[in-house]
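Peer 1: Questions regarding the structure given below will be posed in turn.
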Amino acid sequence: MGARRLDGKAVAQAIRGEVAQGVREMRQRTGAAPKLVAVLVGDDPASRVYVRNKVAACSEAGMRSEEARLPASVPQEDLLRTVRALGADAEVDGILVQLPLPPGIDRAAVLLAIDPAKDVDGLHPLNAGRLAMRLPAPVPCTPAGVVELLDRSGIPIAGKRAVIVGRSEIVGRPLALLLLQRDATVTVCHSKTQDLAAVTREADLLVAAIGRPAWLVAGHIRPGATVIDVGINRLDDAGRAASIFGPDSPRVREVRERGYTLVGDVHPLEAEERAAFLTPVPGGVGPLTIACLLRNTLRAARARREGEGGW
Ligand code: GUN
């Protein structure tokens, strides 16, 4: 059949353009540009790339941004103090603590230490609760990006059967709430779901957010479904890359030359045959996460500096 690709890059670019315009207008009104601080603990290579990309995207949109780096061995109290100090810093509009955190650090305690008004990831329990209660709140960036991608690609949500595979606080759970709010019939699957394929095959809208390379295959996908692949997995085994992408794929060369290639949670070739719409990896949901982070930062800055609701 040949699924149509949903162009996350193009949608993300459009949002980033809107944010850049919003930043220019805010600077004209107030003389200040929004400022994001990304806290990176440890040196996980993927997290370093994500944070670097987020900081670079801020400057491209005319915002100020900073990376606060702490060693993986940082005592939890020091990390909490850093996060609280950012909350108290009048110059800082948005705070993001890159996840995952190193073992031994209590993630819930760190998220609780973020000033909810600066919580541009929407992960503070107050904001998660506000989302659940349908009150205005910053929405986690990846789920917000998924909904934006659907909306701007003209894919309807209301009345559709949505199946989300993955129940994380950062993607699966908030996305379930957002889709429910948009009148989808939502099912959330997870590692204990029995006969996963029977459930996912019911989906008009199938979202994979489990962090397992090429895990969902043809048998999981209803012909004609829209498949949103949130996974970004590093594959460093050329043989495995050859078995997923085919032996002659440039992806196999990429593994040999760069050391890895990226693959989503959905088998790309099998989904291509079944789905009507499919997000590529890379270039699908990933760019939208950053675009929505920028938008959340602008909204947080407006709300804090200008008293606008905005969320
Ligand atoms: N790790 C992977 N995705 C994200 C994200 O959207 N926000 C944060 N803080 N950490 C992440």
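By convention here, the chains of the structure tokens are called A, B, ... in the order presented, each chain's residues are numbered starting at 1, and ligands are numbered starting at 1 in the order presented.
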Using only C-alpha atoms and all ligand atoms, determine which residues fall within 6 Å of ligand 1, then list them as a ChimeraX atom specification.

Peer 2: /A:96-100,121,141-142

Peer 1: Within 12 Å of Arg304 (chain A), counting only C-alpha atoms, which residues show up once you throw out same-chain ones fewer than 3 positions away? Write them as a PyMOL selection string, please.

Peer 2: chain A and resi 30+34-35+87+90-94+115-119+297-301+307-311

Peer 1: Can those selected residues be exported to a file as an mmCIF file, in the first residue's frame so that it contains N, CA and C atoms?

Peer 2:
```
data_model
loop_
_atom_site.group_PDB
_atom_site.id
_atom_site.type_symbol
_atom_site.label_atom_id
_atom_site.label_comp_id
_atom_site.auth_asym_id
_atom_site.auth_seq_id
_atom_site.Cartn_x
_atom_site.Cartn_y
_atom_site.Cartn_z
ATOM 1 N N THR A 30 8.254 43.978 26.100
ATOM 2 C CA THR A 30 8.844 43.940 27.448
ATOM 3 C C THR A 30 10.355 44.177 27.462
ATOM 4 N N PRO A 34 12.368 35.255 26.469
ATOM 5 C CA PRO A 34 12.236 34.143 27.412
ATOM 6 C C PRO A 34 13.570 33.422 27.597
ATOM 7 N N LYS A 35 13.746 32.859 28.776
ATOM 8 C CA LYS A 35 14.980 32.102 29.052
ATOM 9 C C LYS A 35 14.669 30.709 29.588
ATOM 10 N N GLY A 87 14.211 28.094 40.180
ATOM 11 C CA GLY A 87 12.846 28.547 40.445
ATOM 12 C C GLY A 87 12.817 29.947 41.024
ATOM 13 N N ALA A 90 14.734 35.225 38.943
ATOM 14 C CA ALA A 90 13.726 35.991 38.191
ATOM 15 C C ALA A 90 14.009 36.011 36.690
ATOM 16 N N GLU A 91 15.244 35.750 36.303
ATOM 17 C CA GLU A 91 15.586 35.765 34.873
ATOM 18 C C GLU A 91 15.139 34.491 34.156
ATOM 19 N N VAL A 92 14.892 33.433 34.904
ATOM 20 C CA VAL A 92 14.603 32.122 34.295
ATOM 21 C C VAL A 92 13.089 31.939 34.141
ATOM 22 N N ASP A 93 12.671 31.631 32.901
ATOM 23 C CA ASP A 93 11.239 31.404 32.639
ATOM 24 C C ASP A 93 10.870 29.935 32.588
ATOM 25 N N GLY A 94 11.818 29.114 32.086
ATOM 26 C CA GLY A 94 11.518 27.695 31.918
ATOM 27 C C GLY A 94 12.632 26.830 32.481
ATOM 28 N N ASP A 115 9.684 24.719 40.036
ATOM 29 C CA ASP A 115 8.604 25.702 40.188
ATOM 30 C C ASP A 115 7.521 25.379 39.143
ATOM 31 N N PRO A 116 6.299 25.056 39.561
ATOM 32 C CA PRO A 116 5.269 24.663 38.587
ATOM 33 C C PRO A 116 5.036 25.725 37.500
ATOM 34 N N ALA A 117 5.282 26.991 37.825
ATOM 35 C CA ALA A 117 5.076 28.061 36.833
ATOM 36 C C ALA A 117 6.167 28.046 35.757
ATOM 37 N N LYS A 118 7.266 27.343 36.027
ATOM 38 C CA LYS A 118 8.374 27.283 35.060
ATOM 39 C C LYS A 118 8.546 25.880 34.492
ATOM 40 N N ASP A 119 7.585 25.033 34.770
ATOM 41 C CA ASP A 119 7.684 23.607 34.436
ATOM 42 C C ASP A 119 7.312 23.376 32.973
ATOM 43 N N THR A 297 7.895 27.271 26.655
ATOM 44 C CA THR A 297 8.772 28.263 27.297
ATOM 45 C C THR A 297 8.259 29.675 27.035
ATOM 46 N N LEU A 298 7.837 29.925 25.800
ATOM 47 C CA LEU A 298 7.271 31.248 25.491
ATOM 48 C C LEU A 298 6.009 31.495 26.324
ATOM 49 N N ARG A 299 5.176 30.477 26.423
ATOM 50 C CA ARG A 299 3.932 30.636 27.200
ATOM 51 C C ARG A 299 4.229 30.879 28.673
ATOM 52 N N ALA A 300 5.219 30.147 29.203
ATOM 53 C CA ALA A 300 5.578 30.327 30.621
ATOM 54 C C ALA A 300 6.098 31.742 30.849
ATOM 55 N N ALA A 301 6.890 32.237 29.898
ATOM 56 C CA ALA A 301 7.462 33.578 30.039
ATOM 57 C C ALA A 301 6.358 34.632 29.994
ATOM 58 N N GLY A 307 1.620 38.279 32.904
ATOM 59 C CA GLY A 307 0.356 37.910 33.533
ATOM 60 C C GLY A 307 -0.672 37.359 32.577
ATOM 61 N N GLU A 308 -0.179 36.859 31.401
ATOM 62 C CA GLU A 308 -1.129 36.252 30.464
ATOM 63 C C GLU A 308 -1.286 34.788 30.804
ATOM 64 N N GLY A 309 -2.522 34.283 30.706
ATOM 65 C CA GLY A 309 -2.779 32.867 30.980
ATOM 66 C C GLY A 309 -1.997 31.999 30.031
ATOM 67 N N GLY A 310 -2.417 31.982 28.788
ATOM 68 C CA GLY A 310 -1.617 31.424 27.714
ATOM 69 C C GLY A 310 -1.603 29.913 27.541
ATOM 70 N N TRP A 311 -1.791 29.129 28.605
ATOM 71 C CA TRP A 311 -1.598 27.690 28.396
ATOM 72 C C TRP A 311 -2.660 27.099 27.524
#
```

Peer 1: Taking 5 positions as the minimum chain separation for residues in the same chain, which residues sit within 10 Å of region 191-196 of chain A when counting only C-alpha atoms? Answer as a list in words.

Peer 2: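 Contacts, in chain order: Val165, Gly166, Arg167, Arg201, Ile210, Leu216, Gly219 and His220 of chain A.
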
Peer 1: Let's have the selection written as a CSV table (one decimal), in the first residue's frame, with C-alpha atoms.

Peer 2:
```csv
chain,number,residue,atom,x,y,z
A,165,VAL,CA,1.4,1.3,23.7
A,166,GLY,CA,3.3,2.6,26.8
A,167,ARG,CA,2.2,4.1,30.0
A,201,ARG,CA,-5.2,-4.1,15.6
A,210,ILE,CA,7.7,1.8,24.6
A,216,LEU,CA,5.4,-3.4,16.7
A,219,GLY,CA,0.4,-8.1,12.8
A,220,HIS,CA,-0.1,-5.2,15.3
```

Peer 1: Could you tell me which of A:Leu80, A:Ala68, A:Ala14, A:Val37 comes closest to Ala109 (chain A) if we count only C-alpha atoms?

Peer 2: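 Closest to Ala109 (chain A) of all the choices is A:Leu80.
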
Peer 1: Could the residues of region 59-119 of chain A that have an atom at most 10 Å from region 20-23 of chain A be listed as a tab-separated table, each with its closest atom pair and the distance in Å to one decimal, counting only C-alpha atoms and ordered by chain and ascending residue number?

Peer 2:
```
residue	atom	partner	partner_atom	distance
A:Ser59	CA	A:Ala20	CA	9.6
A:Glu60	CA	A:Ala20	CA	7.9
A:Ala61	CA	A:Ala20	CA	4.4
A:Gly62	CA	A:Ala20	CA	6.2
A:Met63	CA	A:Val23	CA	7.0
```

Peer 1: For Val11 (chain A), list every protein, DNA or RNA residue within 12 Å, evaluated using only C-alpha atoms, and leave out those in the same chain fewer than 6 positions away; present the list as a CSV table (one decimal) with N, CA, C and O atoms, in the first residue's frame.

Peer 2:
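Contents of the output file selection_31.csv:
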```csv
chain,number,residue,atom,x,y,z
A,17,GLY,N,8.5,28.7,13.8
A,17,GLY,CA,8.3,30.0,13.2
A,17,GLY,C,7.3,30.9,14.0
A,17,GLY,O,7.6,32.1,14.3
A,18,GLU,N,6.3,30.2,14.5
A,18,GLU,CA,5.3,30.9,15.3
A,18,GLU,C,5.9,31.4,16.6
A,18,GLU,O,5.6,32.5,17.1
A,145,GLY,N,3.2,17.4,21.0
A,145,GLY,CA,3.6,17.3,19.6
A,145,GLY,C,2.9,16.3,18.8
A,145,GLY,O,2.6,16.6,17.6
A,146,VAL,N,2.5,15.2,19.4
A,146,VAL,CA,1.7,14.2,18.7
A,146,VAL,C,0.4,14.8,18.2
A,146,VAL,O,-0.1,14.7,17.1
A,147,VAL,N,-0.3,15.5,19.2
A,147,VAL,CA,-1.6,16.1,18.8
A,147,VAL,C,-1.5,17.2,17.8
A,147,VAL,O,-2.3,17.2,16.8
A,148,GLU,N,-0.4,18.0,17.9
A,148,GLU,CA,-0.2,19.0,16.9
A,148,GLU,C,0.0,18.4,15.5
A,148,GLU,O,-0.5,18.9,14.5
A,149,LEU,N,0.8,17.3,15.5
A,149,LEU,CA,1.1,16.7,14.2
A,149,LEU,C,-0.2,16.1,13.5
A,149,LEU,O,-0.4,16.3,12.3
A,150,LEU,N,-1.1,15.5,14.4
A,150,LEU,CA,-2.3,15.0,13.8
A,150,LEU,C,-3.2,16.2,13.3
A,150,LEU,O,-3.7,16.1,12.2
A,151,ASP,N,-3.3,17.2,14.2
A,151,ASP,CA,-4.2,18.3,13.8
A,151,ASP,C,-3.7,19.0,12.5
A,151,ASP,O,-4.5,19.3,11.6
A,152,ARG,N,-2.4,19.3,12.4
A,152,ARG,CA,-1.9,20.0,11.3
A,152,ARG,C,-1.7,19.1,10.0
A,152,ARG,O,-1.4,19.6,9.0
A,153,SER,N,-1.9,17.8,10.2
A,153,SER,CA,-1.9,16.9,9.1
A,153,SER,C,-3.3,16.6,8.6
A,153,SER,O,-3.5,15.8,7.7
A,154,GLY,N,-4.3,17.2,9.3
A,154,GLY,CA,-5.7,16.9,8.9
A,154,GLY,C,-6.2,15.6,9.3
A,154,GLY,O,-7.2,15.1,8.7
A,279,THR,N,4.7,8.0,10.9
A,279,THR,CA,5.7,9.0,11.2
A,279,THR,C,7.1,8.3,11.0
A,279,THR,O,7.3,7.2,11.5
A,283,GLY,N,12.8,12.3,12.3
A,283,GLY,CA,12.1,13.2,11.5
A,283,GLY,C,10.6,13.2,11.7
A,283,GLY,O,9.9,13.9,10.9
A,284,GLY,N,10.1,12.4,12.6
A,284,GLY,CA,8.7,12.4,12.9
A,284,GLY,C,8.3,13.2,14.1
A,284,GLY,O,8.2,14.4,14.1
A,285,VAL,N,8.2,12.4,15.2
A,285,VAL,CA,7.7,13.1,16.5
A,285,VAL,C,8.9,13.9,17.1
A,285,VAL,O,8.6,14.9,17.8
A,286,GLY,N,10.1,13.4,17.0
A,286,GLY,CA,11.3,14.1,17.7
A,286,GLY,C,11.3,15.6,17.5
A,286,GLY,O,11.3,16.3,18.5
A,287,PRO,N,11.3,16.1,16.3
A,287,PRO,CA,11.3,17.5,16.1
A,287,PRO,C,10.2,18.3,16.7
A,287,PRO,O,10.3,19.4,17.2
A,288,LEU,N,9.0,17.6,16.9
A,288,LEU,CA,7.9,18.2,17.5
A,288,LEU,C,8.0,18.4,19.0
A,288,LEU,O,7.5,19.4,19.6
A,289,THR,N,8.8,17.5,19.6
A,289,THR,CA,9.0,17.6,21.0
A,289,THR,C,9.7,18.9,21.3
A,289,THR,O,9.4,19.7,22.2
A,290,ILE,N,10.7,19.2,20.5
A,290,ILE,CA,11.5,20.4,20.7
A,290,ILE,C,10.6,21.7,20.4
A,290,ILE,O,10.6,22.6,21.2
A,291,ALA,N,9.9,21.6,19.3
A,291,ALA,CA,9.0,22.7,19.0
A,291,ALA,C,8.1,23.1,20.1
A,291,ALA,O,7.8,24.2,20.4
A,292,CYS,N,7.5,22.0,20.7
A,292,CYS,CA,6.5,22.2,21.8
A,292,CYS,C,7.2,22.7,23.0
A,292,CYS,O,6.6,23.5,23.8
```

Peer 1: DSSP on the backbone: what in region 38-184 of chain A comes out strand (DSSP E or B), as a list in words?

Peer 2: Ala38, Val39, Leu40, Val41, Arg64, Ser65, Glu66, Glu67, Ala68, Arg69, Leu70, Gly94, Ile95, Leu96, Val97, Asp119, Arg161, Ala162, Val163, Ile164 and Val165 of chain A

Peer 1: Write out as number ranges by chain which residues come within 6 Å of Ala162 (chain A) when counting only C-alpha atoms, dropping same-chain ones fewer than 6 positions away.

Peer 2: A: 185-186, 203, 205-206

Peer 1: Considering only C-alpha atoms, can you say which of A:Asp183, A:Glu273, A:Asp237, A:Glu67 comes closest to Ala225 (chain A)?

Peer 2: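 Smallest distance to Ala225 (chain A) is found for A:Glu273.
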